[in-house]
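start-v8.txt follows (compact mmCIF, C-alpha atoms):
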# COMPACT_ATOMS: atom_id res chain seq x y z
CA MET R 1 0.00 0.00 0.00
CA GLU R 2 3.01 2.25 0.37
CA GLU R 3 3.37 2.64 -3.37
CA HIS R 4 -0.13 4.19 -3.38
CA GLU R 5 0.62 6.64 -0.57
CA PRO R 6 0.30 9.79 -2.74
CA VAL R 7 -3.15 8.71 -3.91
CA ILE R 8 -4.20 7.89 -0.37
CA GLU R 9 -3.06 11.31 0.81
CA SER R 10 -5.05 12.95 -1.96
CA LEU R 11 -8.11 10.97 -0.93
CA ARG R 12 -7.66 11.92 2.73
CA ALA R 13 -7.42 15.56 1.71
CA LEU R 14 -10.90 15.29 0.18
CA GLY R 15 -12.34 14.81 3.65
CA LYS R 16 -10.60 17.82 5.14
CA GLU R 17 -11.79 20.59 2.93
CA PRO R 18 -13.61 23.28 4.89
CA ILE R 19 -17.30 23.86 4.57
CA ASP R 20 -18.77 27.12 3.45
CA PRO R 21 -19.53 28.99 6.71
CA VAL R 22 -22.92 30.15 5.46
CA ALA R 23 -23.96 26.59 4.67
CA ALA R 24 -22.57 25.37 7.98
CA ASN R 25 -24.56 27.97 9.92
CA ARG R 26 -27.69 27.04 8.01
CA HIS R 27 -27.20 23.36 8.79
CA LEU R 28 -26.52 23.98 12.46
CA SER R 29 -29.61 26.15 12.89
CA GLN R 30 -31.73 23.51 11.17
CA MET R 31 -30.32 20.88 13.51
CA VAL R 32 -31.22 22.97 16.54
CA ASP R 33 -34.77 23.36 15.22
CA VAL R 34 -35.12 19.64 14.64
CA ARG R 35 -33.91 18.80 18.13
CA ALA R 36 -36.34 21.33 19.62
CA ARG R 37 -39.22 19.82 17.67
CA THR R 38 -38.62 16.24 18.79
CA PRO R 39 -39.06 16.05 22.56
CA PHE R 40 -40.21 12.43 22.44
CA SER R 41 -38.38 9.50 21.01
CA THR R 42 -39.80 7.54 18.11
CA LYS R 43 -40.64 4.58 20.34
CA VAL R 44 -42.71 6.75 22.65
CA LYS R 45 -44.50 8.28 19.72
CA VAL R 46 -45.25 4.91 18.16
CA GLY R 47 -46.52 3.60 21.49
CA ALA R 48 -48.71 6.62 22.04
CA ALA R 49 -50.12 6.38 18.54
CA PHE R 50 -50.84 2.69 19.08
CA GLY R 51 -52.63 3.37 22.36
CA ILE R 52 -54.66 6.20 20.90
CA GLY R 53 -55.56 4.03 17.94
CA ILE R 54 -56.76 1.23 20.20
CA LEU R 55 -58.81 3.69 22.27
CA VAL R 56 -60.40 5.38 19.29
CA GLY R 57 -61.03 2.09 17.50
CA SER R 58 -62.66 0.38 20.46
CA THR R 59 -64.75 3.45 21.24
CA GLY R 60 -65.87 3.57 17.64
CA LEU R 61 -66.84 -0.08 17.69
CA ALA R 62 -68.67 0.42 20.95
CA THR R 63 -70.55 3.39 19.52
CA ALA R 64 -71.55 1.31 16.55
CA GLY R 65 -72.62 -1.52 18.85
CA ALA R 66 -70.27 -3.85 17.03
CA LEU R 67 -68.33 -5.18 20.01
CA PRO R 68 -68.96 -8.73 21.20
CA GLY R 69 -71.86 -8.97 23.65
CA PRO R 70 -70.14 -8.83 27.04
CA ALA R 71 -67.61 -6.25 25.83
CA GLN R 72 -70.44 -4.09 24.55
CA GLY R 73 -72.09 -4.30 27.95
CA VAL R 74 -68.86 -3.28 29.68
CA ALA R 75 -68.36 -0.42 27.23
CA HIS R 76 -71.93 0.70 27.83
CA THR R 77 -71.39 0.74 31.59
CA VAL R 78 -67.98 2.42 31.51
CA LEU R 79 -68.73 5.03 28.89
CA SER R 80 -72.10 5.94 30.38
CA SER R 81 -70.27 6.81 33.59
CA VAL R 82 -68.34 9.48 31.69
CA GLY R 83 -71.40 10.75 29.87
CA VAL R 84 -70.95 8.94 26.56
CA HIS R 85 -73.94 6.93 25.50
CA VAL R 86 -73.29 3.74 23.59
CA PRO R 87 -75.72 0.89 23.04
CA GLY R 88 -75.72 -1.80 25.68
CA GLY R 89 -75.16 -5.49 25.20
CA PRO R 90 -77.60 -7.81 23.46
CA GLN R 91 -81.09 -8.22 24.80
CA ARG R 92 -81.49 -11.34 26.91
CA TYR R 93 -84.40 -13.67 26.66
CA ASP R 94 -86.58 -13.44 29.77
CA GLY R 95 -89.77 -15.21 28.86
CA PRO R 96 -92.45 -16.08 31.38
CA GLU R 97 -90.93 -19.50 32.02
CA CYS R 98 -87.73 -17.89 33.19
CA GLY R 99 -89.20 -16.29 36.26
CA GLY R 100 -87.11 -13.18 36.10
CA THR R 101 -84.36 -11.35 34.25
CA PHE R 102 -80.87 -12.79 34.08
CA GLN R 103 -77.62 -11.24 32.96
CA ASN R 104 -76.68 -14.35 31.04
CA HIS R 105 -77.61 -17.96 30.62
CA GLY R 106 -75.05 -19.12 33.14
CA GLN R 107 -76.68 -17.06 35.85
CA TYR R 108 -80.02 -18.65 35.04
CA VAL R 109 -78.58 -22.16 35.21
CA ARG R 110 -76.86 -21.41 38.51
CA THR R 111 -80.06 -20.15 40.05
CA HIS R 112 -81.95 -23.25 38.95
CA PRO R 113 -79.81 -26.15 40.08
CA GLN R 114 -82.77 -28.43 40.57
CA ASP R 115 -84.08 -27.96 37.05
CA PRO R 116 -82.56 -30.62 34.80
CA ASN R 117 -83.68 -28.73 31.71
CA ALA R 118 -82.19 -25.41 32.73
CA GLY R 119 -79.23 -25.95 30.44
CA GLN R 120 -81.44 -26.27 27.40
CA SER R 121 -83.58 -23.27 28.27
CA ARG R 122 -83.28 -20.03 26.35
CA CYS R 123 -83.45 -17.98 29.53
CA GLY R 124 -80.58 -15.53 29.78
CA LYS R 125 -79.36 -16.18 26.24
CA PRO R 126 -79.26 -13.37 23.70
CA VAL R 127 -82.56 -13.02 21.94
CA GLN R 128 -80.90 -13.43 18.56
CA ALA R 129 -79.02 -16.52 19.69
CA GLY R 130 -81.74 -18.84 18.41
CA THR R 131 -85.37 -19.70 18.56
CA GLY R 132 -87.08 -21.97 20.99
CA ALA R 133 -87.31 -24.61 18.31
CA ASP R 134 -83.57 -24.61 17.93
CA SER R 135 -83.00 -25.04 21.60
CA THR R 136 -85.40 -27.93 21.86
CA ASP R 137 -84.11 -29.64 18.75
CA ALA R 138 -80.51 -29.86 19.68
CA PRO R 139 -80.39 -31.44 23.13
CA ASP R 140 -82.94 -34.18 22.59
CA THR R 141 -80.60 -36.88 23.72
CA PRO R 142 -81.18 -36.69 27.47
CA ASP R 143 -84.95 -37.03 27.04
CA THR R 144 -84.90 -39.93 24.64
CA ASP R 145 -82.17 -41.84 26.35
CA PRO R 146 -83.49 -43.57 29.47
CA SER R 147 -80.06 -43.53 31.01
CA GLY R 148 -79.43 -39.99 29.91
CA THR R 149 -76.39 -38.34 31.33
CA LEU R 150 -77.80 -35.04 32.43
CA PRO R 151 -80.78 -36.18 34.55
CA ASP R 152 -78.75 -38.98 36.07
CA ASP R 153 -75.93 -36.65 36.88
CA ARG R 154 -78.23 -34.17 38.46
CA SER R 155 -80.09 -36.83 40.47
CA ALA R 156 -76.79 -38.22 41.55
CA THR R 157 -75.58 -34.86 42.67
CA ALA R 158 -77.90 -34.40 45.59
CA PRO R 159 -77.12 -37.69 47.34
CA ASP R 160 -73.48 -37.14 46.62
CA ASN R 161 -73.68 -33.78 48.21
CA ASN R 162 -75.35 -35.28 51.24
CA SER R 163 -72.98 -38.14 51.43
CA GLY R 164 -70.20 -35.70 50.82
CA THR R 165 -71.23 -33.89 53.93
CA ALA R 166 -71.28 -37.10 55.83
CA HIS R 167 -67.87 -38.00 54.50
CA GLY R 168 -66.65 -34.64 55.56
CA LYS R 169 -67.72 -35.33 59.06
CA GLY R 170 -66.34 -38.78 58.85
CA LEU R 171 -63.01 -37.37 57.86
CA GLY R 172 -63.14 -35.05 60.78
CA ASP R 173 -63.90 -38.01 62.95
CA THR R 174 -61.06 -39.93 61.49
CA LYS R 175 -58.75 -37.11 62.45
CA THR R 176 -60.18 -37.23 65.94
CA HIS R 177 -59.63 -40.91 65.93
CA ASP R 178 -56.09 -40.47 64.71
CA HIS R 179 -55.40 -37.98 67.37
CA ALA R 180 -56.89 -40.20 70.00
CA GLY R 181 -55.20 -43.27 68.63
CA ARG R 182 -51.78 -41.78 68.72
CA GLY R 183 -49.65 -44.21 70.62
CA PRO R 184 -47.17 -43.55 73.33
CA ASP R 185 -44.45 -43.39 70.73
CA GLY R 186 -46.12 -40.27 69.36
CA ARG R 187 -46.71 -41.69 65.90
CA SER R 188 -49.27 -39.72 64.09
CA GLY R 189 -52.16 -41.65 62.71
CA ASN R 190 -52.22 -40.79 59.05
CA SER R 191 -54.41 -42.65 56.63
CA ASP R 192 -51.99 -45.53 56.30
CA ASP R 193 -51.74 -45.95 60.00
CA THR R 194 -55.47 -45.82 60.26
CA GLY R 195 -55.78 -48.55 57.70
CA SER R 196 -53.44 -50.78 59.61
CA THR R 197 -55.20 -50.49 62.93
CA GLY R 198 -57.98 -52.82 61.96
CA PRO R 199 -61.16 -52.13 63.93
CA ALA R 200 -60.27 -48.58 64.62
CA SER R 201 -59.92 -47.83 60.94
CA GLN R 202 -63.13 -49.58 60.10
CA ALA R 203 -65.09 -47.65 62.65
CA PRO R 204 -65.76 -44.49 60.60
CA VAL R 205 -67.25 -46.42 57.71
CA ALA R 206 -69.17 -48.86 59.84
CA PRO R 207 -72.92 -48.55 59.47
CA SER R 208 -74.33 -46.44 62.18
CA PRO R 209 -77.63 -44.68 62.70
CA SER R 210 -76.07 -41.29 62.83
CA THR R 211 -72.77 -39.66 62.22
CA THR R 212 -72.41 -38.38 65.77
CA THR R 213 -72.80 -41.84 67.20
CA GLY R 214 -70.27 -43.12 64.74
CA ALA R 215 -67.79 -40.57 65.99
CA THR R 216 -68.27 -41.58 69.55
CA THR R 217 -67.90 -45.19 68.60
CA THR R 218 -64.70 -44.43 66.81
CA THR R 219 -63.13 -42.80 69.79
CA THR R 220 -64.22 -45.50 72.12
CA SER R 221 -63.06 -48.30 69.89
CA SER R 222 -59.70 -46.72 69.61
CA THR R 223 -59.40 -46.53 73.32
CA SER R 224 -60.45 -50.11 73.74
CA THR R 225 -57.99 -51.24 71.09
CA SER R 226 -55.15 -49.62 72.87
CA THR R 227 -56.12 -51.09 76.23
CA THR R 228 -57.32 -54.54 75.28
CA THR R 229 -54.03 -56.17 76.06
CA THR R 230 -54.00 -54.94 79.64
CA THR R 231 -57.41 -55.57 81.14
CA SER R 232 -60.94 -56.40 80.19
CA THR R 233 -62.51 -54.00 82.62
CA THR R 234 -61.56 -51.18 80.34
CA THR R 235 -63.87 -52.59 77.72
CA SER R 236 -66.73 -52.71 80.12
CA THR R 237 -66.04 -49.14 81.11
CA THR R 238 -66.09 -48.21 77.49
CA THR R 239 -69.39 -49.88 77.03
CA THR R 240 -70.74 -47.93 79.89
CA THR R 241 -69.59 -44.78 78.27
CA LEU R 242 -71.35 -45.79 75.12
CA GLY R 243 -74.57 -46.42 76.90
CA MET T 244 -15.21 -6.39 28.06
CA VAL T 245 -16.43 -3.55 25.91
CA ILE T 246 -18.73 -1.25 27.78
CA LYS T 247 -21.24 0.26 25.44
CA ARG T 248 -22.07 3.73 26.50
CA LYS T 249 -24.58 6.07 25.08
CA ALA T 250 -23.01 8.66 22.90
CA SER T 251 -23.00 11.80 24.98
CA ARG T 252 -22.10 13.98 22.04
CA ASP T 253 -23.50 17.22 20.97
CA ALA T 254 -24.83 17.14 17.43
CA GLY T 255 -23.22 20.49 16.75
CA ALA T 256 -19.80 19.24 17.83
CA LEU T 257 -20.31 16.15 15.74
CA TYR T 258 -21.13 18.33 12.77
CA ARG T 259 -17.95 20.35 13.18
CA GLU T 260 -15.93 17.16 13.48
CA LEU T 261 -17.44 15.04 10.73
CA ALA T 262 -19.12 17.39 8.27
CA PRO T 263 -15.98 18.04 6.18
CA ALA T 264 -15.40 14.32 5.70
CA VAL T 265 -19.05 13.69 4.91
CA LEU T 266 -19.07 16.55 2.44
CA GLY T 267 -15.93 15.20 0.78
CA TYR T 268 -17.55 11.76 0.58
CA LEU T 269 -20.69 13.22 -0.99
CA ARG T 270 -18.72 15.30 -3.48
CA ALA T 271 -16.54 12.38 -4.48
CA GLN T 272 -19.66 10.28 -5.01
CA GLY T 273 -20.74 12.81 -7.61
CA VAL T 274 -23.86 14.03 -5.85
CA PRO T 275 -25.21 17.12 -7.68
CA ASP T 276 -25.88 19.17 -4.55
CA PRO T 277 -23.65 17.77 -1.82
CA GLU T 278 -24.26 20.57 0.66
CA ASP T 279 -28.00 20.02 0.64
CA LEU T 280 -27.47 16.32 1.16
CA LEU T 281 -25.02 17.10 3.94
CA GLY T 282 -27.73 19.12 5.64
CA GLU T 283 -30.19 16.24 5.32
CA VAL T 284 -27.67 13.81 6.79
CA PHE T 285 -27.02 15.96 9.82
CA LEU T 286 -30.70 16.67 10.34
CA GLN T 287 -31.13 12.96 10.80
CA VAL T 288 -28.06 12.92 13.04
CA ALA T 289 -29.62 15.60 15.22
CA ARG T 290 -32.87 13.65 15.39
CA ASP T 291 -31.46 10.23 16.21
CA LEU T 292 -28.17 10.86 17.96
CA ARG T 293 -29.69 10.09 21.36
CA ALA T 294 -30.42 6.54 20.28
CA VAL T 295 -26.88 5.80 19.11
CA ARG T 296 -24.67 3.82 21.46
CA GLY T 297 -21.02 3.06 21.12
CA ASP T 298 -17.63 4.66 20.82
CA GLU T 299 -16.39 7.23 18.33
CA VAL T 300 -15.90 4.65 15.60
CA ALA T 301 -19.48 3.47 16.01
CA VAL T 302 -20.80 7.02 15.76
CA ARG T 303 -18.61 7.67 12.73
CA LYS T 304 -19.80 4.48 11.12
CA TRP T 305 -23.41 5.45 11.78
CA VAL T 306 -22.99 8.92 10.27
CA PHE T 307 -21.36 7.57 7.12
CA THR T 308 -23.99 4.87 6.83
CA LEU T 309 -26.57 7.64 6.81
CA ALA T 310 -24.58 9.48 4.15
CA ARG T 311 -24.23 6.35 2.05
CA ASN T 312 -27.95 5.67 2.24
CA ARG T 313 -28.66 9.25 1.24
CA VAL T 314 -26.42 8.86 -1.79
CA ILE T 315 -28.22 5.66 -2.79
CA ASP T 316 -31.59 7.36 -2.35
CA ASP T 317 -30.43 10.33 -4.38
CA VAL T 318 -29.23 8.13 -7.24
CA ARG T 319 -32.54 6.27 -7.26
CA ARG T 320 -34.52 9.48 -7.13
CA ARG T 321 -32.61 10.96 -10.01
CA SER T 322 -32.95 7.79 -12.05
CA ARG T 323 -36.73 7.94 -11.64
CA ARG T 324 -37.08 11.66 -12.30
CA PRO T 325 -34.18 12.86 -14.39
CA ILE T 326 -33.81 16.65 -14.38
CA THR T 327 -33.14 18.22 -17.73
CA ILE T 328 -31.48 21.60 -17.65
CA GLY T 329 -31.11 23.47 -20.90
CA GLY T 330 -31.76 20.39 -22.95
CA ALA T 331 -28.37 18.84 -22.18
CA VAL T 332 -28.38 15.65 -20.11
CA PRO T 333 -25.01 14.84 -18.57
CA ASP T 334 -23.88 11.21 -18.52
CA ARG T 335 -23.13 11.42 -14.84
CA PRO T 336 -23.69 14.41 -12.61
CA GLY T 337 -20.46 16.05 -11.71
CA PRO T 338 -19.36 17.47 -8.38
CA ASP T 339 -20.17 20.89 -7.05
CA ARG T 340 -18.62 23.23 -9.57
CA GLU T 341 -18.22 26.06 -7.10
CA GLN T 342 -15.76 24.03 -5.02
CA PRO T 343 -14.31 21.59 -7.49
CA LEU T 344 -12.14 18.75 -6.34
CA ASP T 345 -8.85 18.05 -7.91
CA PRO T 346 -10.13 17.38 -11.44
CA VAL T 347 -7.56 14.67 -12.10
CA LEU T 348 -8.42 12.82 -8.92
CA GLN T 349 -12.14 13.32 -9.47
CA SER T 350 -11.85 11.96 -12.97
CA ALA T 351 -9.96 8.94 -11.68
CA ILE T 352 -12.57 8.34 -8.99
CA ASP T 353 -15.35 8.61 -11.55
CA ARG T 354 -13.74 5.87 -13.60
CA LEU T 355 -13.70 3.41 -10.72
CA ALA T 356 -16.24 0.64 -10.49
CA PRO T 357 -19.03 1.55 -8.06
CA GLU T 358 -17.92 -0.92 -5.38
CA GLN T 359 -14.31 0.24 -5.71
CA ARG T 360 -15.36 3.87 -5.40
CA GLU T 361 -17.44 3.10 -2.35
CA VAL T 362 -14.70 1.17 -0.59
CA VAL T 363 -11.99 3.70 -1.32
CA LEU T 364 -14.09 6.67 -0.20
CA LEU T 365 -15.23 4.98 3.01
CA ARG T 366 -11.70 3.86 3.79
CA PHE T 367 -9.77 7.07 3.12
CA VAL T 368 -12.24 9.96 2.96
CA ALA T 369 -14.42 8.75 5.82
CA ASP T 370 -11.34 7.29 7.51
CA LEU T 371 -13.08 4.09 8.60
CA PRO T 372 -11.28 0.83 9.43
CA ILE T 373 -11.50 -2.10 7.04
CA GLU T 374 -13.79 -4.07 9.35
CA VAL T 375 -16.26 -1.20 9.59
CA VAL T 376 -16.25 -0.69 5.83
CA ALA T 377 -16.89 -4.41 5.45
CA ARG T 378 -19.90 -4.15 7.74
CA ILE T 379 -21.28 -1.06 5.98
CA THR T 380 -20.94 -2.54 2.53
CA GLY T 381 -21.96 -6.06 3.50
CA ARG T 382 -18.70 -7.65 2.43
CA THR T 383 -15.98 -9.58 4.19
CA ALA T 384 -12.86 -7.81 5.35
CA GLY T 385 -10.84 -9.81 2.86
CA ALA T 386 -13.07 -8.73 0.00
CA VAL T 387 -12.77 -5.11 1.10
CA LYS T 388 -8.98 -5.39 1.18
CA SER T 389 -8.96 -6.87 -2.27
CA ILE T 390 -11.29 -4.22 -3.67
CA GLN T 391 -9.26 -1.48 -2.00
CA HIS T 392 -6.03 -2.80 -3.46
CA ARG T 393 -7.44 -2.90 -6.99
CA ALA T 394 -9.03 0.54 -6.59
CA LEU T 395 -5.81 2.14 -5.38
CA ALA T 396 -3.86 0.58 -8.22
CA HIS T 397 -6.44 1.83 -10.67
CA LEU T 398 -6.43 5.31 -9.16
CA ALA T 399 -2.63 5.51 -9.14
CA GLY T 400 -2.46 4.42 -12.75
CA THR T 401 -5.14 6.85 -13.86
CA VAL T 402 -3.69 9.80 -11.95
CA SER T 403 -0.18 9.21 -13.28
CA SER T 404 -1.40 8.82 -16.86
CA GLU T 405 -3.54 11.96 -16.53
CA ALA T 406 -0.59 13.82 -15.09
CA ARG T 407 1.62 12.68 -17.95
CA SER T 408 -0.99 13.72 -20.50
CA THR T 409 -1.31 17.22 -18.97
CA LEU T 410 2.40 17.62 -19.11

For this file, produce the structure as structure tokens.
Amino acid sequence: MEEHEPVIESLRALGKEPIDPVAANRHLSQMVDVRARTPFSTKVKVGAAFGIGILVGSTGLATAGALPGPAQGVAHTVLSSVGVHVPGGPQRYDGPECGGTFQNHGQYVRTHPQDPNAGQSRCGKPVQAGTGADSTDAPDTPDTDPSGTLPDDRSATAPDNNSGTAHGKGLGDTKTHDHAGRGPDGRSGNSDDTGSTGPASQAPVAPSPSTTTGATTTTTSSTSTSTTTTTSTTTSTTTTTLG
Amino acid sequence: MVIKRKASRDAGALYRELAPAVLGYLRAQGVPDPEDLLGEVFLQVARDLRAVRGDEVAVRKWVFTLARNRVIDDVRRRSRRPITIGGAVPDRPGPDREQPLDPVLQSAIDRLAPEQREVVLLRFVADLPIEVVARITGRTAGAVKSIQHRALAHLAGTVSSEARSTL
């Protein structure tokens, strides 16, 4: 490259020629103006434009009533609080069989847990969602099928709930039993321990007229199990307690 | 470890430091109105300088990338809308006639292939390292070295022949 040094020096000299002072002053003043006009960075401006676009667009859709049902309802509520009227959500079906007005179909179903046909009802659905014929056509299966899922499920729910309550108490009793059956070594009676204790573990599920009696029986049996090896009078005492 | 710091430069100071080199680059590229283009380049510098991070070489590279893009835009714009003045259409717009470059050198630069002209101007007028020129032009450093070598040989030959012919 040394043989080209004169050419390189000439090229370097091209980048060192002074600028016309008038042009330089003009450029510098333009640069100051540009910097004064741009207080926000491009990212901030793009973000602000995006946010404003979203706001204007969603407000426009809400004004036109073109938002999806629940969103239209929310827009109606929010914008009416600031004095802007937009149409509300879709009208809900509240025929005479519904027994009231519901915000949506889910609310109707929740308030009618005993009605096996509540799910197929039009109550609470948007009026334009379908006709009554549509709603009765589609879910025919539970009525025609003798072992239909929906009625069976619903009929099975109530006993389950009741038995669930009983189980809940039984579990509480089991804990009582575990606590009472904790041996001198301090071993806690978890479910495995309970299963291995034989009669004591069977006590909660043993048939009994009432749950309370079952609990008492559980406690007593546990006591008798732990004392059987020592004396038989303990058992008689326990029986007395039971009586 | 290279710590990238935000360029805490003043656009005015950057103008005073780099504007002569940018103007020389624009003139040597044959832009019809290099001072106007120089103003456009530094308007963009003033707008976006806050977002530029890096050392002096990075800032220099950024400024000359802006200038290079402006030259490309200008060539495209002129190719779409050619300006006819007085009925005579020049083959290639010449440099600013009020402040002409060395006519022999300018003639030699004009005869270079476009990629040779670009590499030589970025290397010696903009005073950028080979690696930076390679990044700006999208070539490897080896390719830039090769192009530079051929361009310098071509320039030296043209300048010496022109000098002999003027004598």

Query raised in the report: Which one of T:Leu355, T:Ala289, T:Ala301, T:Val318 sits closest to chain R if you count all atoms listed in the file?
Result: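 Closest to chain R, using all atoms listed in the file: T:Ala289.
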
Give me, as JSON lines, the closest atom pair and its distance (Å, one decimal) for every residue of chain R within a cut-off of 6 Å of chain T, counting all atoms listed in the file, rows sorted by chain and rising number.
{"residue": "R:Leu11", "atom": "CA", "partner": "T:Val368", "partner_atom": "CA", "distance": 5.8}
{"residue": "R:Arg12", "atom": "CA", "partner": "T:Val368", "partner_atom": "CA", "distance": 5.0}
{"residue": "R:Leu14", "atom": "CA", "partner": "T:Gly267", "partner_atom": "CA", "distance": 5.1}
{"residue": "R:Gly15", "atom": "CA", "partner": "T:Ala264", "partner_atom": "CA", "distance": 3.7}
{"residue": "R:Lys16", "atom": "CA", "partner": "T:Pro263", "partner_atom": "CA", "distance": 5.5}
{"residue": "R:Glu17", "atom": "CA", "partner": "T:Pro263", "partner_atom": "CA", "distance": 5.9}
{"residue": "R:Pro18", "atom": "CA", "partner": "T:Pro263", "partner_atom": "CA", "distance": 5.9}
{"residue": "R:His27", "atom": "CA", "partner": "T:Gly282", "partner_atom": "CA", "distance": 5.3}
{"residue": "R:Met31", "atom": "CA", "partner": "T:Leu286", "partner_atom": "CA", "distance": 5.3}
{"residue": "R:Arg35", "atom": "CA", "partner": "T:Arg290", "partner_atom": "CA", "distance": 5.9}

Query raised in the report: Given the choices T:Ser322, T:Thr380, T:Thr308, T:Ser350, which gets closest to T:Glu405 if the distance is worked out from only C-alpha atoms?
Result: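 Going through T:Ser322, T:Thr380, T:Thr308, T:Ser350 one by one, the smallest distance to T:Glu405 is for T:Ser350.
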
Let me have the centre and edge lengths of the axis-aligned box enclosing all listed atoms of stretch 261-272 of chain T with 8 Å padding on every side, in Å to one decimal, as lines of an AutoDock Vina configuration file.
center_x = -18.0
center_y = 14.2
center_z = 2.9
size_x = 21.3
size_y = 23.8
size_z = 31.7

Report task. Find the distance between atom CA of T:Phe307 and atom CA of T:Arg324 and write it in Å to one decimal. Result ->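 Distance between the two atoms: 25.3 Å.
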
**Report entry** Separation of atom CA of R:Gly89 from atom CA of R:Gln72 in Å
**Finding:**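 Value for the atom CA of R:Gln72-atom CA of R:Gly89 distance: 5.0 Å.
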
Requested in this report: Would you mind reading off the distance between atom CA of T:Asp316 and atom CA of T:Glu374, one decimal, in Å?
Outcome: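 Atom CA of T:Asp316 sits 24.2 Å away from atom CA of T:Glu374.
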